[in-house]
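Undergrad: Next up is a structure, given as structure tokens.
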Amino acid sequence: MKSFRYLDLVMAAFVSVLLVSNIASSAKIVDFGVSLFGLRLSFDGGTLLFPLSYIFGDILTEVYGYARSRRVIWTGFACLALMSAFLFLLSRMPADRDWAGYAGDEKFQAILGGVSSGGIALASLLAYFVGEFSNSFVLAKMKIWTEGKWLWTRTIGSTIVGEGVDTTSFIVLATIFGVFPWSLFWNLLVSNYIFKVLIEVVFTPVTYHVVSFLKREEGEDFYDRETNFNPFVASKSA
């Protein structure tokens, strides 16, 4: 089995971005006072960071291939599930009297309840699952179709699909479970999606440099011509 110098570092960065952005998503709604066609562009705090996970996902699939990216996606899924489960357990533990005096369970639930509650945790996990695998699948297929040319078309194209699936799934389910009010539904859906895609576009030059560096240093430029794209296959080389 071929070993890589930077794969673990990319995976660690991917998982870190995923966990921090999920906490930030329930912690604060951001509004810079900008509107588009009369629609207020407010978005959850995680939107500022979460698009980077798709950039890391693009880099993983472009350099190392879908099968290795699949293992990283599942690693992120397991870490996110563990974080949600622990915060849920923590929310059910008795609170210290002094802590409850200045913070309390109500504030804890208001900030971290979105990550720890069953509904939003399920929404986040499902949106992450379908979004990341859609992104990786589209990029891997487009790399074959373009014969490795025009990297920007597949990084942006895969993000348009992946972020579309992810954002729609997350906002719909999070609103249904009461994390976000219905009055913010379209604001969050539209502004989140636009912002995430724009981040991918803005960071395209950086993605080019990172991909070029990794391909050169790792001696790898994988094409998924014979890959089994089943997300539930555990084999590293499938």
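Within each chain, counting starts at residue 1; across the structure tokens, chains are named A, B, ... in the order shown, with ligands numbered 1 upward in that order.
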Name all residues at most 9 Å from stretch 15-26 of chain A (count only C-alpha atoms; drop same-chain ones fewer than 5 positions away) and give them as a list in words.
TA: Val10, Phe43, Asp44, Gly45, Gly46, Thr47, Leu48, Leu49, Phe50, Pro51, Leu52, Ser53, Val72, Ile73, Thr75, Gly76, Phe77, Cys79, Leu80, Met83, Ala110, Ile111, Leu112, Gly113, Gly114, Val115, Ser124, Val179 and Phe180 of chain A
Undergrad: What does the file look like for those residues with N, CA and C atoms, as a PDB file, in the first residue's frame?
TA:
ATOM      1  N   VAL A  10      -3.983  16.686   5.456  1.00  0.00           N
ATOM      2  CA  VAL A  10      -5.180  17.173   4.765  1.00  0.00           C
ATOM      3  C   VAL A  10      -6.427  16.646   5.455  1.00  0.00           C
ATOM      4  N   PHE A  43     -26.664  34.571   7.345  1.00  0.00           N
ATOM      5  CA  PHE A  43     -26.241  33.179   7.279  1.00  0.00           C
ATOM      6  C   PHE A  43     -25.693  32.736   8.632  1.00  0.00           C
ATOM      7  N   ASP A  44     -25.727  31.412   8.846  1.00  0.00           N
ATOM      8  CA  ASP A  44     -25.217  30.893  10.109  1.00  0.00           C
ATOM      9  C   ASP A  44     -23.699  30.988  10.142  1.00  0.00           C
ATOM     10  N   GLY A  45     -23.140  31.049  11.358  1.00  0.00           N
ATOM     11  CA  GLY A  45     -21.714  31.273  11.526  1.00  0.00           C
ATOM     12  C   GLY A  45     -20.836  30.228  10.868  1.00  0.00           C
ATOM     13  N   GLY A  46     -21.316  28.997  10.785  1.00  0.00           N
ATOM     14  CA  GLY A  46     -20.522  27.936  10.182  1.00  0.00           C
ATOM     15  C   GLY A  46     -20.256  28.134   8.711  1.00  0.00           C
ATOM     16  N   THR A  47     -21.088  28.942   8.061  1.00  0.00           N
ATOM     17  CA  THR A  47     -20.924  29.190   6.631  1.00  0.00           C
ATOM     18  C   THR A  47     -19.592  29.868   6.329  1.00  0.00           C
ATOM     19  N   LEU A  48     -19.056  30.607   7.291  1.00  0.00           N
ATOM     20  CA  LEU A  48     -17.782  31.292   7.080  1.00  0.00           C
ATOM     21  C   LEU A  48     -16.630  30.309   6.907  1.00  0.00           C
ATOM     22  N   LEU A  49     -16.752  29.133   7.515  1.00  0.00           N
ATOM     23  CA  LEU A  49     -15.655  28.166   7.515  1.00  0.00           C
ATOM     24  C   LEU A  49     -15.965  26.891   6.736  1.00  0.00           C
ATOM     25  N   PHE A  50     -17.226  26.480   6.767  1.00  0.00           N
ATOM     26  CA  PHE A  50     -17.584  25.181   6.190  1.00  0.00           C
ATOM     27  C   PHE A  50     -17.196  25.006   4.724  1.00  0.00           C
ATOM     28  N   PRO A  51     -17.272  26.056   3.874  1.00  0.00           N
ATOM     29  CA  PRO A  51     -16.874  25.863   2.467  1.00  0.00           C
ATOM     30  C   PRO A  51     -15.454  25.318   2.296  1.00  0.00           C
ATOM     31  N   LEU A  52     -14.592  25.570   3.288  1.00  0.00           N
ATOM     32  CA  LEU A  52     -13.226  25.060   3.187  1.00  0.00           C
ATOM     33  C   LEU A  52     -13.198  23.533   3.200  1.00  0.00           C
ATOM     34  N   SER A  53     -14.199  22.913   3.837  1.00  0.00           N
ATOM     35  CA  SER A  53     -14.236  21.451   3.847  1.00  0.00           C
ATOM     36  C   SER A  53     -14.446  20.907   2.439  1.00  0.00           C
ATOM     37  N   VAL A  72     -11.732   9.431   4.149  1.00  0.00           N
ATOM     38  CA  VAL A  72     -11.658  10.681   4.899  1.00  0.00           C
ATOM     39  C   VAL A  72     -13.058  11.195   5.224  1.00  0.00           C
ATOM     40  N   ILE A  73     -13.978  11.086   4.272  1.00  0.00           N
ATOM     41  CA  ILE A  73     -15.359  11.514   4.498  1.00  0.00           C
ATOM     42  C   ILE A  73     -15.980  10.717   5.639  1.00  0.00           C
ATOM     43  N   THR A  75     -14.343   9.241   8.032  1.00  0.00           N
ATOM     44  CA  THR A  75     -13.662   9.664   9.257  1.00  0.00           C
ATOM     45  C   THR A  75     -14.308  10.927   9.813  1.00  0.00           C
ATOM     46  N   GLY A  76     -14.570  11.893   8.934  1.00  0.00           N
ATOM     47  CA  GLY A  76     -15.245  13.115   9.348  1.00  0.00           C
ATOM     48  C   GLY A  76     -16.636  12.834   9.882  1.00  0.00           C
ATOM     49  N   PHE A  77     -17.345  11.922   9.240  1.00  0.00           N
ATOM     50  CA  PHE A  77     -18.695  11.542   9.676  1.00  0.00           C
ATOM     51  C   PHE A  77     -18.647  10.968  11.089  1.00  0.00           C
ATOM     52  N   CYS A  79     -16.321  11.413  13.408  1.00  0.00           N
ATOM     53  CA  CYS A  79     -15.932  12.455  14.367  1.00  0.00           C
ATOM     54  C   CYS A  79     -17.092  13.389  14.668  1.00  0.00           C
ATOM     55  N   LEU A  80     -17.851  13.740  13.644  1.00  0.00           N
ATOM     56  CA  LEU A  80     -19.014  14.607  13.835  1.00  0.00           C
ATOM     57  C   LEU A  80     -20.074  13.916  14.681  1.00  0.00           C
ATOM     58  N   MET A  83     -18.859  13.913  18.300  1.00  0.00           N
ATOM     59  CA  MET A  83     -19.009  15.221  18.923  1.00  0.00           C
ATOM     60  C   MET A  83     -20.462  15.484  19.292  1.00  0.00           C
ATOM     61  N   ALA A 110     -29.101  26.948  23.939  1.00  0.00           N
ATOM     62  CA  ALA A 110     -29.235  27.960  22.893  1.00  0.00           C
ATOM     63  C   ALA A 110     -28.011  27.995  21.989  1.00  0.00           C
ATOM     64  N   ILE A 111     -26.819  27.740  22.571  1.00  0.00           N
ATOM     65  CA  ILE A 111     -25.585  27.815  21.786  1.00  0.00           C
ATOM     66  C   ILE A 111     -25.199  26.460  21.193  1.00  0.00           C
ATOM     67  N   LEU A 112     -25.154  25.444  22.037  1.00  0.00           N
ATOM     68  CA  LEU A 112     -24.696  24.130  21.584  1.00  0.00           C
ATOM     69  C   LEU A 112     -25.824  23.121  21.399  1.00  0.00           C
ATOM     70  N   GLY A 113     -27.027  23.525  21.725  1.00  0.00           N
ATOM     71  CA  GLY A 113     -28.149  22.605  21.563  1.00  0.00           C
ATOM     72  C   GLY A 113     -28.353  22.190  20.126  1.00  0.00           C
ATOM     73  N   GLY A 114     -28.001  23.104  19.196  1.00  0.00           N
ATOM     74  CA  GLY A 114     -28.155  22.772  17.782  1.00  0.00           C
ATOM     75  C   GLY A 114     -27.245  21.653  17.340  1.00  0.00           C
ATOM     76  N   VAL A 115     -26.087  21.539  17.997  1.00  0.00           N
ATOM     77  CA  VAL A 115     -25.156  20.473  17.654  1.00  0.00           C
ATOM     78  C   VAL A 115     -25.504  19.188  18.373  1.00  0.00           C
ATOM     79  N   SER A 124     -27.425  17.578  10.283  1.00  0.00           N
ATOM     80  CA  SER A 124     -26.036  17.875   9.936  1.00  0.00           C
ATOM     81  C   SER A 124     -25.338  16.662   9.350  1.00  0.00           C
ATOM     82  N   VAL A 179     -34.253  24.651  14.838  1.00  0.00           N
ATOM     83  CA  VAL A 179     -32.993  25.343  15.104  1.00  0.00           C
ATOM     84  C   VAL A 179     -33.028  26.745  14.514  1.00  0.00           C
ATOM     85  N   PHE A 180     -33.548  26.870  13.308  1.00  0.00           N
ATOM     86  CA  PHE A 180     -33.721  28.160  12.652  1.00  0.00           C
ATOM     87  C   PHE A 180     -35.210  28.433  12.487  1.00  0.00           C
TER      88      PHE A 180
END
Undergrad: Could you name the residues that touch A:Tyr66 at 9 Å or less, counting only C-alpha atoms, but leaving out those on the same chain fewer than 2 positions away, as a list in words?
TA: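 That gives Leu60, Thr61, Glu62, Tyr64, Arg68, Ser69, Arg70, Arg71, Ser136, Phe137, Leu139, Ala140, Phe222, Tyr223, Asp224, Thr227, Asn228 and Phe229 of chain A.
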Undergrad: Could you work out how far atom CA of A:Glu217 lies from atom CA of A:Arg5, giving the answer in Å with one decimal?
TA: 8.2 Å
Undergrad: Quick one: pull the distance between atom CA of A:Asp105 and atom CA of A:Leu87, Å, one decimal.
TA: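 Those two atoms sit 12.2 Å apart.
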Undergrad: Just list as a PyMOL selection string whatever in stretch 6-177 of chain A DSSP marks as alpha helix (DSSP H).
TA: chain A and resi 7-27+51-64+66-91+97-102+104-116+118-145+151-176
Undergrad: Quick one: residues within 12 Å of A:Pro205, only C-alpha atoms, excluding same-chain residues fewer than 5 positions away - as a PyMOL selection string?
TA: chain A and resi 55+151-152+155-156+199-200+210-212
Undergrad: Using DSSP on the backbone coordinates, identify all residues within stretch 6-218 of chain A classified as strand (DSSP E); present the result as a list in words.
TA: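 For stretch 6-218 of chain A, the strand (DSSP E) set is Ile29, Val30, Asp31, Phe32, Gly33, Val34, Ser35, Leu36, Leu39, Arg40, Leu41, Ser42, Phe43 and Asp44 of chain A.
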Undergrad: Could the residues in this selection be saved with C-alpha atoms as a PDB file, in the first residue's frame?
TA:
ATOM      1  CA  ILE A  29     -26.565  33.970  12.800  1.00  0.00           C
ATOM      2  CA  VAL A  30     -24.488  36.612  10.986  1.00  0.00           C
ATOM      3  CA  ASP A  31     -26.024  39.589   9.164  1.00  0.00           C
ATOM      4  CA  PHE A  32     -23.824  42.258   7.519  1.00  0.00           C
ATOM      5  CA  GLY A  33     -26.872  44.210   6.373  1.00  0.00           C
ATOM      6  CA  VAL A  34     -26.530  43.193   2.706  1.00  0.00           C
ATOM      7  CA  SER A  35     -29.578  42.379   0.577  1.00  0.00           C
ATOM      8  CA  LEU A  36     -29.978  40.761  -2.848  1.00  0.00           C
ATOM      9  CA  LEU A  39     -33.707  39.240   0.251  1.00  0.00           C
ATOM     10  CA  ARG A  40     -31.601  39.752   3.373  1.00  0.00           C
ATOM     11  CA  LEU A  41     -28.346  37.770   3.086  1.00  0.00           C
ATOM     12  CA  SER A  42     -27.983  36.474   6.627  1.00  0.00           C
ATOM     13  CA  PHE A  43     -26.241  33.179   7.279  1.00  0.00           C
ATOM     14  CA  ASP A  44     -25.217  30.893  10.109  1.00  0.00           C
TER      15      ASP A  44
END
Undergrad: Pick the closest to A:Leu125 from A:Phe203, A:Leu189, A:Phe108, A:Ala81: which is it, counting only C-alpha atoms?
TA: A:Ala81
Undergrad: List as a ChimeraX atom specification the protein and nucleic acid residues near A:Ile176, meaning an atom at most 12 Å away when only C-alpha atoms are counted, but skip any in the same chain fewer than 3 places from it.
TA: /A:119-120,122-123,169-173,179-183,185
Undergrad: I need the residue nearest A:Tyr54 from this list: A:Lys107, A:Arg92, A:Lys28, A:Lys196. Use only C-alpha atoms for the distance.
TA: A:Lys196
Undergrad: Record the distance separating atom CA of A:Gln109 and atom CA of A:Leu184, expressed in Å with one decimal.
TA: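 These two atoms are separated by 19.8 Å.
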Undergrad: Hey, which of A:Leu126, A:Ile160, A:Val165, A:Ala103 ends up closest to A:Phe195? Count only C-alpha atoms.
TA: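 Smallest separation from A:Phe195 among the options: A:Ile160.
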